[in-house]
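Enquirer: Structure file final21.cif, mmCIF, C-alpha atoms and all ligand atoms, is pasted below:
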data_entry
#
loop_
_atom_site.label_atom_id
_atom_site.label_comp_id
_atom_site.auth_asym_id
_atom_site.auth_seq_id
_atom_site.Cartn_x
_atom_site.Cartn_y
_atom_site.Cartn_z
CA MET A 194 52.10 46.69 65.12
CA ASP A 195 53.92 45.93 61.86
CA PHE A 196 56.62 43.48 63.05
CA LYS A 197 56.83 40.33 65.16
CA TYR A 198 59.98 40.66 67.29
CA ILE A 199 63.60 41.76 67.13
CA GLU A 200 66.93 39.97 67.38
CA GLU A 201 70.32 41.47 68.12
CA PHE A 202 73.35 40.36 66.09
CA LYS A 203 76.95 41.53 66.13
CA ASP A 204 76.50 44.43 63.70
CA GLY A 205 73.03 45.55 64.69
CA VAL A 206 69.41 44.53 65.02
CA ILE A 207 67.09 42.39 62.88
CA ILE A 208 63.41 43.32 62.84
CA LYS A 209 61.59 40.09 62.09
CA GLU A 210 58.55 39.65 59.87
CA VAL A 211 57.98 43.26 59.00
CA LYS A 212 54.90 44.37 57.06
CA ASN A 213 54.28 47.52 55.02
CA PHE A 214 57.94 48.49 54.84
CA GLU A 215 59.71 49.19 51.52
CA LEU A 216 62.95 51.15 51.65
CA PRO A 217 62.54 53.24 48.45
CA HIS A 218 58.93 54.04 49.37
CA ILE A 219 59.92 55.23 52.85
CA PHE A 220 63.07 57.13 51.98
CA ASP A 221 62.18 58.52 48.55
CA CYS A 222 58.58 59.60 49.22
CA GLY A 223 59.56 63.20 50.04
CA GLN A 224 59.45 63.23 53.85
CA CYS A 225 63.22 63.09 54.53
CA PHE A 226 66.42 64.42 52.98
CA ARG A 227 69.30 62.59 54.61
CA TRP A 228 68.97 59.01 53.35
CA GLU A 229 70.94 57.65 50.42
CA ARG A 230 70.40 54.57 48.38
CA GLN A 231 73.54 52.43 48.04
CA GLU A 232 74.63 50.30 45.09
CA ASN A 233 73.28 47.20 46.86
CA ASP A 234 69.88 48.94 47.40
CA ASN A 235 70.42 49.39 51.14
CA TYR A 236 69.98 52.91 52.52
CA ILE A 237 72.38 54.77 54.79
CA GLY A 238 71.14 57.79 56.68
CA VAL A 239 71.67 60.05 59.64
CA ALA A 240 69.03 60.85 62.28
CA PHE A 241 69.05 61.57 66.01
CA GLN A 242 72.85 62.02 66.04
CA ARG A 243 73.45 58.53 64.67
CA VAL A 244 74.22 56.90 61.35
CA ILE A 245 72.59 53.60 60.40
CA GLU A 246 72.37 51.34 57.37
CA VAL A 247 69.05 49.67 56.59
CA GLU A 248 68.58 46.53 54.51
CA LYS A 249 65.46 44.57 53.61
CA ARG A 250 66.01 40.80 53.30
CA GLY A 251 62.81 38.88 52.60
CA ASN A 252 60.39 39.95 55.30
CA ASP A 253 63.12 41.02 57.72
CA VAL A 254 64.73 44.42 58.08
CA TYR A 255 68.37 44.68 59.18
CA ILE A 256 69.52 47.83 60.95
CA TYR A 257 73.32 48.02 61.02
CA ASN A 258 75.26 50.13 63.52
CA ALA A 259 72.48 50.00 66.13
CA THR A 260 72.05 48.26 69.47
CA LYS A 261 68.86 46.81 70.92
CA ASP A 262 68.68 49.88 73.20
CA ASP A 263 68.95 52.18 70.18
CA PHE A 264 66.13 50.25 68.57
CA ASN A 265 63.89 50.55 71.63
CA ASN A 266 64.76 54.19 72.31
CA ILE A 267 64.92 55.56 68.78
CA TRP A 268 64.28 53.38 65.73
CA LEU A 269 61.05 51.68 66.88
CA GLU A 270 59.34 55.08 67.02
CA PHE A 271 61.31 56.62 64.16
CA PHE A 272 59.98 53.98 61.75
CA ASP A 273 56.52 54.16 63.36
CA LEU A 274 56.62 50.39 63.78
CA ASN A 275 53.87 50.21 66.39
CA ARG A 276 51.32 51.36 63.82
CA ASP A 277 49.44 48.93 61.60
CA TYR A 278 49.61 50.43 58.11
CA SER A 279 47.32 47.72 56.69
CA ASP A 280 44.42 49.36 58.56
CA ILE A 281 45.28 52.76 57.14
CA LYS A 282 45.67 51.42 53.61
CA ASN A 283 42.37 49.51 53.80
CA GLU A 284 40.55 52.58 54.99
CA LEU A 285 42.08 54.85 52.32
CA SER A 286 41.51 52.26 49.59
CA ASN A 287 37.75 52.61 50.06
CA ASP A 288 38.34 55.62 47.86
CA GLU A 289 38.70 54.01 44.42
CA ILE A 290 40.85 56.90 43.21
CA LEU A 291 43.32 56.78 46.06
CA LYS A 292 43.60 52.99 45.83
CA LYS A 293 46.01 53.23 42.90
CA SER A 294 48.40 55.54 44.78
CA VAL A 295 48.21 53.37 47.92
CA GLU A 296 49.12 50.28 45.88
CA PHE A 297 51.97 52.14 44.23
CA GLY A 298 53.50 53.32 47.54
CA HIS A 299 52.36 50.33 49.60
CA GLY A 300 55.53 50.29 51.73
CA ILE A 301 55.43 53.93 52.83
CA ARG A 302 55.67 54.69 56.56
CA LEU A 303 55.66 58.19 58.02
CA LEU A 304 58.91 58.70 59.91
CA LYS A 305 58.84 60.46 63.27
CA GLN A 306 61.72 62.87 62.77
CA ASP A 307 63.30 65.47 65.03
CA PRO A 308 61.19 68.69 65.14
CA PHE A 309 64.13 71.12 65.15
CA GLU A 310 65.82 69.44 62.17
CA ILE A 311 62.53 69.33 60.29
CA VAL A 312 61.69 72.99 61.01
CA ILE A 313 64.99 74.09 59.47
CA SER A 314 64.80 71.56 56.62
CA PHE A 315 61.32 72.59 55.52
CA ILE A 316 62.09 76.32 55.77
CA ILE A 317 64.80 75.47 53.22
CA SER A 318 62.24 73.52 51.16
CA ALA A 319 60.05 76.54 50.33
CA ASN A 320 60.12 77.18 46.57
CA ASN A 321 63.05 74.84 46.29
CA ARG A 322 63.86 71.56 44.55
CA ILE A 323 64.63 68.39 46.48
CA PRO A 324 68.28 67.98 45.26
CA MET A 325 69.03 71.59 46.30
CA ILE A 326 67.32 71.10 49.68
CA ARG A 327 69.39 67.96 50.29
CA ARG A 328 72.60 69.73 49.33
CA ALA A 329 71.96 72.70 51.66
CA ILE A 330 71.12 70.43 54.62
CA ASN A 331 74.28 68.40 53.98
CA THR A 332 76.37 71.56 53.89
CA ILE A 333 74.91 72.80 57.19
CA SER A 334 75.50 69.39 58.77
CA SER A 335 79.07 69.01 57.53
CA LYS A 336 80.01 72.47 58.80
CA TRP A 337 78.48 72.35 62.27
CA GLY A 338 77.16 68.84 62.97
CA LYS A 339 78.84 66.12 65.00
CA THR A 340 81.20 63.86 63.02
CA LEU A 341 80.07 60.25 62.83
CA SER A 342 81.91 57.36 61.26
CA TYR A 343 80.61 54.15 59.83
CA ASN A 344 82.45 51.54 57.76
CA GLY A 345 85.42 53.84 57.24
CA LYS A 346 83.34 56.74 55.96
CA THR A 347 82.49 60.05 57.63
CA TYR A 348 78.93 61.29 58.10
CA TYR A 349 77.58 64.37 59.85
CA ALA A 350 74.69 64.66 62.27
CA PHE A 351 72.26 67.53 61.84
CA PRO A 352 73.60 70.26 64.19
CA THR A 353 71.90 70.87 67.53
CA LEU A 354 70.10 74.10 68.43
CA GLU A 355 73.15 75.07 70.55
CA ASP A 356 75.51 74.47 67.59
CA LEU A 357 73.44 76.66 65.29
CA SER A 358 72.65 79.40 67.80
CA LYS A 359 76.19 80.76 67.46
CA LEU A 360 76.01 81.39 63.71
CA SER A 361 75.86 84.75 62.01
CA LEU A 362 73.49 85.45 59.14
CA GLU A 363 76.48 85.47 56.77
CA GLU A 364 77.51 81.98 57.84
CA ILE A 365 74.01 80.67 57.10
CA GLU A 366 73.96 82.50 53.78
CA ALA A 367 77.10 80.63 52.79
CA CYS A 368 75.20 77.28 52.87
CA GLY A 369 73.27 77.72 49.63
CA VAL A 370 69.91 78.47 51.22
CA GLY A 371 69.37 81.74 49.31
CA PHE A 372 66.74 84.19 50.57
CA ARG A 373 65.77 81.70 53.31
CA ALA A 374 68.95 82.45 55.33
CA LYS A 375 67.31 85.25 57.31
CA TYR A 376 64.30 83.06 58.12
CA ILE A 377 66.57 80.31 59.39
CA HIS A 378 68.65 82.74 61.44
CA ASP A 379 65.57 84.32 62.96
CA THR A 380 63.91 80.97 63.74
CA ILE A 381 67.02 79.60 65.44
CA SER A 382 67.39 82.72 67.57
CA LYS A 383 63.71 82.69 68.62
CA ILE A 384 63.84 79.05 69.74
CA TYR A 385 67.24 79.46 71.43
CA LYS A 386 66.38 82.68 73.26
CA PHE A 387 63.13 81.19 74.52
CA GLN A 388 64.95 78.09 75.79
CA GLU A 389 67.57 80.18 77.60
CA GLU A 390 64.92 82.36 79.24
CA ALA A 391 62.97 79.29 80.35
CA LYS A 392 66.15 78.04 82.10
CA VAL A 393 66.12 81.08 84.38
CA CYS A 394 62.38 80.60 84.89
CA LYS A 395 61.30 83.74 83.11
CA MET A 396 57.50 83.58 82.96
CA LEU A 397 55.57 84.18 79.75
CA SER A 398 53.63 87.39 79.94
CA GLU A 399 50.16 87.83 78.46
CA GLY A 400 50.20 87.72 74.65
CA GLU A 401 53.84 86.57 74.44
CA ILE A 402 54.53 83.67 72.09
CA ASN A 403 55.79 80.31 73.32
CA TRP A 404 58.52 79.27 70.83
CA ASP A 405 59.26 75.91 72.41
CA LEU A 406 58.91 73.12 69.82
CA SER A 407 57.84 70.49 72.39
CA TYR A 408 55.09 72.83 73.51
CA ILE A 409 54.01 73.42 69.89
CA LYS A 410 54.03 69.66 69.34
CA SER A 411 51.73 69.21 72.34
CA LEU A 412 49.00 71.43 70.83
CA SER A 413 45.98 70.20 68.88
CA ASP A 414 46.45 69.80 65.11
CA ASP A 415 44.87 73.14 64.20
CA GLU A 416 46.63 75.07 66.98
CA CYS A 417 49.94 73.49 66.03
CA HIS A 418 49.46 74.50 62.37
CA LYS A 419 48.79 78.07 63.49
CA ALA A 420 51.61 78.26 66.05
CA LEU A 421 54.23 77.11 63.55
CA GLN A 422 53.28 79.97 61.23
CA ASN A 423 54.49 82.49 63.85
CA PHE A 424 58.03 81.67 62.74
CA SER A 425 59.32 83.59 59.76
CA GLY A 426 59.57 81.53 56.61
CA ILE A 427 56.78 79.16 57.65
CA GLY A 428 53.49 79.41 55.77
CA PRO A 429 50.59 76.92 55.73
CA LYS A 430 52.34 74.42 53.44
CA VAL A 431 55.65 74.33 55.34
CA ALA A 432 53.75 74.17 58.65
CA ASP A 433 51.84 71.14 57.36
CA CYS A 434 55.09 69.36 56.43
CA ILE A 435 56.67 70.08 59.82
CA MET A 436 53.67 68.90 61.84
CA LEU A 437 53.26 65.78 59.72
CA PHE A 438 56.91 64.70 59.57
CA SER A 439 57.96 65.52 63.14
CA MET A 440 54.96 66.20 65.38
CA GLU A 441 52.62 63.27 64.76
CA LYS A 442 49.81 65.47 63.44
CA TYR A 443 48.21 63.23 60.85
CA SER A 444 45.38 65.51 59.74
CA ALA A 445 48.01 67.70 58.03
CA PHE A 446 47.73 67.92 54.26
CA PRO A 447 50.67 69.79 52.69
CA VAL A 448 49.80 70.94 49.18
CA ASP A 449 52.92 71.48 47.09
CA VAL A 450 53.08 71.42 43.31
CA TRP A 451 52.91 67.57 43.15
CA VAL A 452 49.98 67.18 45.51
CA LYS A 453 48.26 70.03 43.69
CA ARG A 454 48.69 68.19 40.38
CA ALA A 455 47.48 64.94 41.95
CA MET A 456 44.39 66.63 43.40
CA GLN A 457 43.62 68.29 40.07
CA HIS A 458 44.33 65.07 38.16
CA PHE A 459 42.16 62.92 40.41
CA TYR A 460 39.60 65.05 42.20
CA LEU A 461 39.25 68.77 41.56
CA ALA A 462 38.99 71.54 39.01
CA PRO A 463 42.33 73.21 38.13
CA ASP A 464 41.35 76.64 39.45
CA VAL A 465 40.76 75.58 43.07
CA SER A 466 42.96 77.42 45.61
CA LEU A 467 45.54 75.60 47.76
CA LYS A 468 43.50 76.37 50.85
CA LYS A 469 40.37 74.82 49.28
CA MET A 470 42.36 71.71 48.29
CA ARG A 471 43.58 71.35 51.87
CA ASP A 472 40.05 71.77 53.26
CA PHE A 473 38.60 69.34 50.70
CA ALA A 474 41.19 66.68 51.56
CA ARG A 475 40.84 67.12 55.32
CA ASP A 476 37.07 66.77 55.01
CA LYS A 477 37.48 63.64 52.95
CA PHE A 478 40.35 61.88 54.74
CA GLY A 479 40.09 63.30 58.28
CA ASP A 480 42.84 62.08 60.61
CA LEU A 481 44.35 60.07 57.77
CA SER A 482 44.90 63.11 55.52
CA GLY A 483 48.66 63.12 56.06
CA PHE A 484 48.97 59.48 55.00
CA ALA A 485 46.75 60.07 51.94
CA GLN A 486 48.92 63.04 51.00
CA GLN A 487 52.11 60.95 51.17
CA TYR A 488 50.76 58.22 48.87
CA LEU A 489 49.61 60.96 46.45
CA PHE A 490 52.90 62.88 46.57
CA TYR A 491 54.96 59.74 45.90
CA TYR A 492 52.68 58.57 43.09
CA ALA A 493 52.56 61.97 41.40
CA ARG A 494 56.30 62.58 41.61
CA GLU A 495 57.47 59.11 40.60
CA ASN A 496 55.04 59.01 37.65
CA ASN A 497 55.62 62.64 36.74
CA ILE A 498 51.88 63.15 36.39
CA LYS A 499 50.61 66.14 34.48
CA ILE A 500 47.14 67.61 34.67
O1 LIG B 601 56.44 64.90 51.32
C1 LIG B 601 56.20 66.00 50.84
N1 LIG B 601 54.93 66.40 50.64
C2 LIG B 601 54.65 67.60 50.09
N2 LIG B 601 53.37 67.91 49.91
N3 LIG B 601 55.60 68.45 49.71
C3 LIG B 601 56.88 68.09 49.90
C4 LIG B 601 57.22 66.87 50.45
N4 LIG B 601 58.57 66.78 50.48
C5 LIG B 601 59.06 67.90 49.94
O2 LIG B 601 60.25 68.16 49.79
N5 LIG B 601 58.02 68.71 49.59
C6 LIG B 601 58.07 70.00 48.95
O3 LIG B 601 57.91 69.78 47.56
C7 LIG B 601 59.34 70.76 49.10
C8 LIG B 601 59.49 71.48 47.77
O4 LIG B 601 58.78 72.69 47.83
C9 LIG B 601 58.79 70.60 46.80
C10 LIG B 601 59.74 69.75 46.01
O5 LIG B 601 59.01 68.99 45.09
#
Would you write out, as structure tokens, the structure that this file holds?
Expert:
Amino acid sequence: MDFKYIEEFKDGVIIKEVKNFELPHIFDCGQCFRWERQENDNYIGVAFQRVIEVEKRGNDVYIYNATKDDFNNIWLEFFDLNRDYSDIKNELSNDEILKKSVEFGHGIRLLKQDPFEIVISFIISANNRIPMIRRAINTISSKWGKTLSYNGKTYYAFPTLEDLSKLSLEEIEACGVGFRAKYIHDTISKIYKFQEEAKVCKMLSEGEINWDLSYIKSLSDDECHKALQNFSGIGPKVADCIMLFSMEKYSAFPVDVWVKRAMQHFYLAPDVSLKKMRDFARDKFGDLSGFAQQYLFYYARENNIKI
């Protein structure tokens, strides 16, 4: 566990004596799209239909606009605070090469985000740049998400499955998601239709696919990786991101252009395929592959490494 205890105060909750927790490392390491750094270095973001502000003061972390119940029900798990990241970092730092990236991103924690939001977000991420991904997700949220207010400003929750199930392909196309609109539309309708059929107790027949995200989350790492790729617009890389950032599958190793450069820079020959890089990393880092990947991604991107 990476904190001692919590205290409630009038505007929120204070997490006392927190370890392995740096706001820029957590929010700018590539895993999330809805958190913004403020002029005072706090971050404001939206998750699980709520808006919060997070501040680090010495070894304490302040969460504004949250109650103790919110902390226990949402933010404790969201920030993965029950995990001891010192153990993970020690283990990964046995690899002399990885040590440098771990030191650089020493305050990274892998957020446990909402699977539906992350499925849609990472379909948008394919062949896309982070500022464009963020913009598209904000557009979708401001059009169909719940309105939230905090300190006189308006924020928008990521829309629910029900909210998005009503949209036409044209409406999704108008959000700046390009060729991915049809994948998003198709994915939403598969998940929604499956949910509606389950409500009237329709049984799955032999060979039919189970599109329920909680079910997919309950599978083993390899089965989960495979099941996610049944959706259109989800290949091995996007599946790895979804399972790592929202399904607690830590042997995932998404290889995008930055991780590819990092692997080539540190470990492998330039002509190795993405699949081989993934296999190499999973062999080497095992159940900690996802963490290793995040330290590498953050290091490579922040330092603009070239091979
Ligand atoms: O955290 C991430 N890890 C990896 N491997 N890839 C990511 C992360 N976040 C993120 O947006 N990407 C992808 O990288 C999306 C997009 O294809 C590209 C942007 O650099």
Enquirer: With all atoms listed in the file counted, collect every polymer residue having an atom within 8 Å of ligand LIG 601 (chain B); state the result as a ChimeraX atom specification.
Expert: /A:222-226,315,318-323,326,430,434,446-452,486-487,490-491,494
Enquirer: Selection from above, C-alpha atoms, as a short mmCIF file (atom, residue, chain, number, x, y, z; two decimals), in the frame of the given file, can you write it?
Expert:
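So out_6.cif came out as:
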data_model
loop_
_atom_site.label_atom_id
_atom_site.label_comp_id
_atom_site.auth_asym_id
_atom_site.auth_seq_id
_atom_site.Cartn_x
_atom_site.Cartn_y
_atom_site.Cartn_z
CA CYS A 222 58.58 59.60 49.22
CA GLY A 223 59.56 63.20 50.04
CA GLN A 224 59.45 63.23 53.85
CA CYS A 225 63.22 63.09 54.53
CA PHE A 226 66.42 64.42 52.98
CA PHE A 315 61.32 72.59 55.52
CA SER A 318 62.24 73.52 51.16
CA ALA A 319 60.05 76.54 50.33
CA ASN A 320 60.12 77.18 46.57
CA ASN A 321 63.05 74.84 46.29
CA ARG A 322 63.86 71.56 44.55
CA ILE A 323 64.63 68.39 46.48
CA ILE A 326 67.32 71.10 49.68
CA LYS A 430 52.34 74.42 53.44
CA CYS A 434 55.09 69.36 56.43
CA PHE A 446 47.73 67.92 54.26
CA PRO A 447 50.67 69.79 52.69
CA VAL A 448 49.80 70.94 49.18
CA ASP A 449 52.92 71.48 47.09
CA VAL A 450 53.08 71.42 43.31
CA TRP A 451 52.91 67.57 43.15
CA VAL A 452 49.98 67.18 45.51
CA GLN A 486 48.92 63.04 51.00
CA GLN A 487 52.11 60.95 51.17
CA PHE A 490 52.90 62.88 46.57
CA TYR A 491 54.96 59.74 45.90
CA ARG A 494 56.30 62.58 41.61
#
Enquirer: For A:Tyr488, list every protein, DNA or RNA residue within 8 Å, evaluated using all atoms listed in the file, and leave out those in the same chain fewer than 3 positions away; present the list as a list of chain:residue names.
Expert: A:Cys222, A:Ser294, A:Val295, A:Phe297, A:Gly298, A:Ile301, A:Phe484, A:Ala485, A:Tyr491, A:Tyr492
Enquirer: I need the residues from that last selection saved to file as a tab-separated table (two decimals), in the coordinates of the input (with C-alpha atoms), if you can.
Expert:
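Saved result, result_19.tsv, follows:
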chain	number	residue	atom	x	y	z
A	222	CYS	CA	58.58	59.60	49.22
A	294	SER	CA	48.40	55.54	44.78
A	295	VAL	CA	48.21	53.37	47.92
A	297	PHE	CA	51.97	52.14	44.23
A	298	GLY	CA	53.50	53.32	47.54
A	301	ILE	CA	55.43	53.93	52.83
A	484	PHE	CA	48.97	59.48	55.00
A	485	ALA	CA	46.75	60.07	51.94
A	491	TYR	CA	54.96	59.74	45.90
A	492	TYR	CA	52.68	58.57	43.09
Enquirer: For the atom pair atom CA of A:Ser413 and atom CA of A:Asp480, what is the interatomic distance in Å to one decimal place?
Expert: 12.0 Å
Enquirer: Tell me, in Å to one decimal, how far atom CA of A:Lys419 is from atom CA of A:Arg327.
Expert: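 Here the two named atoms are 26.5 Å from each other.
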Enquirer: Name the residues within 10 Å of (76.2, 59.1, 70.8), counting only C-alpha atoms in the file's coordinates, and put them as a short mmCIF file (atom, residue, chain, number, x, y, z; two decimals) with C-alpha atoms, keeping the file's coordinate frame.
Expert:
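See part.cif below for the written result:
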data_model
loop_
_atom_site.label_atom_id
_atom_site.label_comp_id
_atom_site.auth_asym_id
_atom_site.auth_seq_id
_atom_site.Cartn_x
_atom_site.Cartn_y
_atom_site.Cartn_z
CA PHE A 241 69.05 61.57 66.01
CA GLN A 242 72.85 62.02 66.04
CA ARG A 243 73.45 58.53 64.67
CA VAL A 244 74.22 56.90 61.35
CA LYS A 339 78.84 66.12 65.00
CA LEU A 341 80.07 60.25 62.83
#
Enquirer: Between atom CA of A:Asn258 and atom CA of A:Gly205, what is the distance in Å, rounded to a tenth?
Expert: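 Distance reported for this atom pair: 5.2 Å.
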Enquirer: The residues within 7 Å of (76.5, 75.5, 63.2), using all atoms listed in the file and the coordinates of the file, should be reported as a PyMOL selection string; which are they?
Expert: chain A and resi 333+336-338+352+356-357+359-360
Enquirer: How big is the axis-aligned box, and where does its centre sit, when it encloses all atoms of stretch 412-426 of chain A listed in the file and has 4 Å added on every side, reported in Å to one decimal as JSON?
Expert:
{"center_x": 52.2, "center_y": 76.7, "center_z": 63.7, "size_x": 22.7, "size_y": 21.8, "size_z": 22.2}
Enquirer: Could you check which of A:Phe459, A:Phe309, A:Phe438, A:Phe424 is closest to A:Ala493, using only C-alpha atoms?
Expert: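 The shortest atom-to-atom distance to A:Ala493 comes from A:Phe459.
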Enquirer: Between A:Asp221, A:Ser382, A:Tyr343, A:Gly300, which residue has the minimum interatomic distance to A:Glu495, considering only C-alpha atoms?
Expert: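 The shortest atom-to-atom distance to A:Glu495 comes from A:Asp221.
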Enquirer: Provide stretch 290-299 of chain A rebuilt to all heavy atoms, formatted as a PDB file, keeping the file's coordinate frame.
Expert:
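Contents of rebuild-v6.pdb, as written:
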ATOM      1  N   ILE A 290      39.814  56.091  43.855  1.00  0.00           N
ATOM      2  CA  ILE A 290      40.850  56.900  43.210  1.00  0.00           C
ATOM      3  C   ILE A 290      42.177  56.776  43.946  1.00  0.00           C
ATOM      4  O   ILE A 290      43.237  56.625  43.353  1.00  0.00           O
ATOM      5  CB  ILE A 290      40.415  58.386  43.146  1.00  0.00           C
ATOM      6  CG1 ILE A 290      39.138  58.515  42.314  1.00  0.00           C
ATOM      7  CG2 ILE A 290      41.517  59.254  42.592  1.00  0.00           C
ATOM      8  CD1 ILE A 290      38.580  59.929  42.289  1.00  0.00           C
ATOM      9  N   LEU A 291      42.095  56.810  45.256  1.00  0.00           N
ATOM     10  CA  LEU A 291      43.320  56.780  46.060  1.00  0.00           C
ATOM     11  C   LEU A 291      43.970  55.386  46.055  1.00  0.00           C
ATOM     12  O   LEU A 291      45.186  55.256  46.231  1.00  0.00           O
ATOM     13  CB  LEU A 291      42.988  57.205  47.503  1.00  0.00           C
ATOM     14  CG  LEU A 291      44.163  57.597  48.383  1.00  0.00           C
ATOM     15  CD1 LEU A 291      44.976  58.716  47.764  1.00  0.00           C
ATOM     16  CD2 LEU A 291      43.663  58.043  49.757  1.00  0.00           C
ATOM     17  N   LYS A 292      43.148  54.378  45.801  1.00  0.00           N
ATOM     18  CA  LYS A 292      43.600  52.990  45.830  1.00  0.00           C
ATOM     19  C   LYS A 292      44.871  52.763  44.983  1.00  0.00           C
ATOM     20  O   LYS A 292      45.804  52.090  45.398  1.00  0.00           O
ATOM     21  CB  LYS A 292      42.463  52.119  45.268  1.00  0.00           C
ATOM     22  CG  LYS A 292      42.519  50.695  45.651  1.00  0.00           C
ATOM     23  CD  LYS A 292      41.237  50.021  45.235  1.00  0.00           C
ATOM     24  CE  LYS A 292      41.352  48.539  45.495  1.00  0.00           C
ATOM     25  NZ  LYS A 292      40.076  47.876  45.355  1.00  0.00           N
ATOM     26  N   LYS A 293      44.882  53.384  43.824  1.00  0.00           N
ATOM     27  CA  LYS A 293      46.010  53.230  42.900  1.00  0.00           C
ATOM     28  C   LYS A 293      47.312  53.779  43.516  1.00  0.00           C
ATOM     29  O   LYS A 293      48.368  53.161  43.411  1.00  0.00           O
ATOM     30  CB  LYS A 293      45.660  54.040  41.636  1.00  0.00           C
ATOM     31  CG  LYS A 293      46.400  53.666  40.411  1.00  0.00           C
ATOM     32  CD  LYS A 293      45.640  54.261  39.213  1.00  0.00           C
ATOM     33  CE  LYS A 293      46.604  54.708  38.137  1.00  0.00           C
ATOM     34  NZ  LYS A 293      45.943  55.471  37.088  1.00  0.00           N
ATOM     35  N   SER A 294      47.218  54.936  44.152  1.00  0.00           N
ATOM     36  CA  SER A 294      48.400  55.540  44.780  1.00  0.00           C
ATOM     37  C   SER A 294      48.851  54.720  45.987  1.00  0.00           C
ATOM     38  O   SER A 294      50.046  54.577  46.250  1.00  0.00           O
ATOM     39  CB  SER A 294      48.107  56.975  45.238  1.00  0.00           C
ATOM     40  OG  SER A 294      47.783  57.771  44.144  1.00  0.00           O
ATOM     41  N   VAL A 295      47.882  54.184  46.733  1.00  0.00           N
ATOM     42  CA  VAL A 295      48.210  53.370  47.920  1.00  0.00           C
ATOM     43  C   VAL A 295      48.937  52.098  47.471  1.00  0.00           C
ATOM     44  O   VAL A 295      49.933  51.688  48.073  1.00  0.00           O
ATOM     45  CB  VAL A 295      46.937  53.041  48.723  1.00  0.00           C
ATOM     46  CG1 VAL A 295      47.226  52.010  49.812  1.00  0.00           C
ATOM     47  CG2 VAL A 295      46.342  54.299  49.345  1.00  0.00           C
ATOM     48  N   GLU A 296      48.452  51.491  46.385  1.00  0.00           N
ATOM     49  CA  GLU A 296      49.120  50.280  45.880  1.00  0.00           C
ATOM     50  C   GLU A 296      50.529  50.598  45.416  1.00  0.00           C
ATOM     51  O   GLU A 296      51.476  49.863  45.678  1.00  0.00           O
ATOM     52  CB  GLU A 296      48.314  49.657  44.731  1.00  0.00           C
ATOM     53  CG  GLU A 296      47.286  48.679  45.247  1.00  0.00           C
ATOM     54  CD  GLU A 296      46.170  48.368  44.247  1.00  0.00           C
ATOM     55  OE1 GLU A 296      46.354  48.629  43.020  1.00  0.00           O
ATOM     56  OE2 GLU A 296      45.115  47.896  44.695  1.00  0.00           O
ATOM     57  N   PHE A 297      50.658  51.744  44.763  1.00  0.00           N
ATOM     58  CA  PHE A 297      51.970  52.140  44.230  1.00  0.00           C
ATOM     59  C   PHE A 297      52.998  52.348  45.360  1.00  0.00           C
ATOM     60  O   PHE A 297      54.136  51.908  45.269  1.00  0.00           O
ATOM     61  CB  PHE A 297      51.833  53.416  43.396  1.00  0.00           C
ATOM     62  CG  PHE A 297      53.120  53.864  42.779  1.00  0.00           C
ATOM     63  CD1 PHE A 297      53.613  53.233  41.647  1.00  0.00           C
ATOM     64  CD2 PHE A 297      53.844  54.908  43.333  1.00  0.00           C
ATOM     65  CE1 PHE A 297      54.819  53.626  41.081  1.00  0.00           C
ATOM     66  CE2 PHE A 297      55.054  55.304  42.778  1.00  0.00           C
ATOM     67  CZ  PHE A 297      55.539  54.669  41.650  1.00  0.00           C
ATOM     68  N   GLY A 298      52.564  53.018  46.430  1.00  0.00           N
ATOM     69  CA  GLY A 298      53.500  53.320  47.540  1.00  0.00           C
ATOM     70  C   GLY A 298      53.218  52.469  48.762  1.00  0.00           C
ATOM     71  O   GLY A 298      53.297  52.951  49.896  1.00  0.00           O
ATOM     72  N   HIS A 299      52.895  51.170  48.520  1.00  0.00           N
ATOM     73  CA  HIS A 299      52.360  50.330  49.600  1.00  0.00           C
ATOM     74  C   HIS A 299      53.294  50.160  50.797  1.00  0.00           C
ATOM     75  O   HIS A 299      52.872  49.752  51.871  1.00  0.00           O
ATOM     76  CB  HIS A 299      51.968  48.950  49.045  1.00  0.00           C
ATOM     77  CG  HIS A 299      53.130  48.238  48.401  1.00  0.00           C
ATOM     78  ND1 HIS A 299      53.961  47.429  49.108  1.00  0.00           N
ATOM     79  CD2 HIS A 299      53.600  48.251  47.129  1.00  0.00           C
ATOM     80  CE1 HIS A 299      54.906  46.968  48.289  1.00  0.00           C
ATOM     81  NE2 HIS A 299      54.708  47.452  47.082  1.00  0.00           N
TER      82      HIS A 299
END
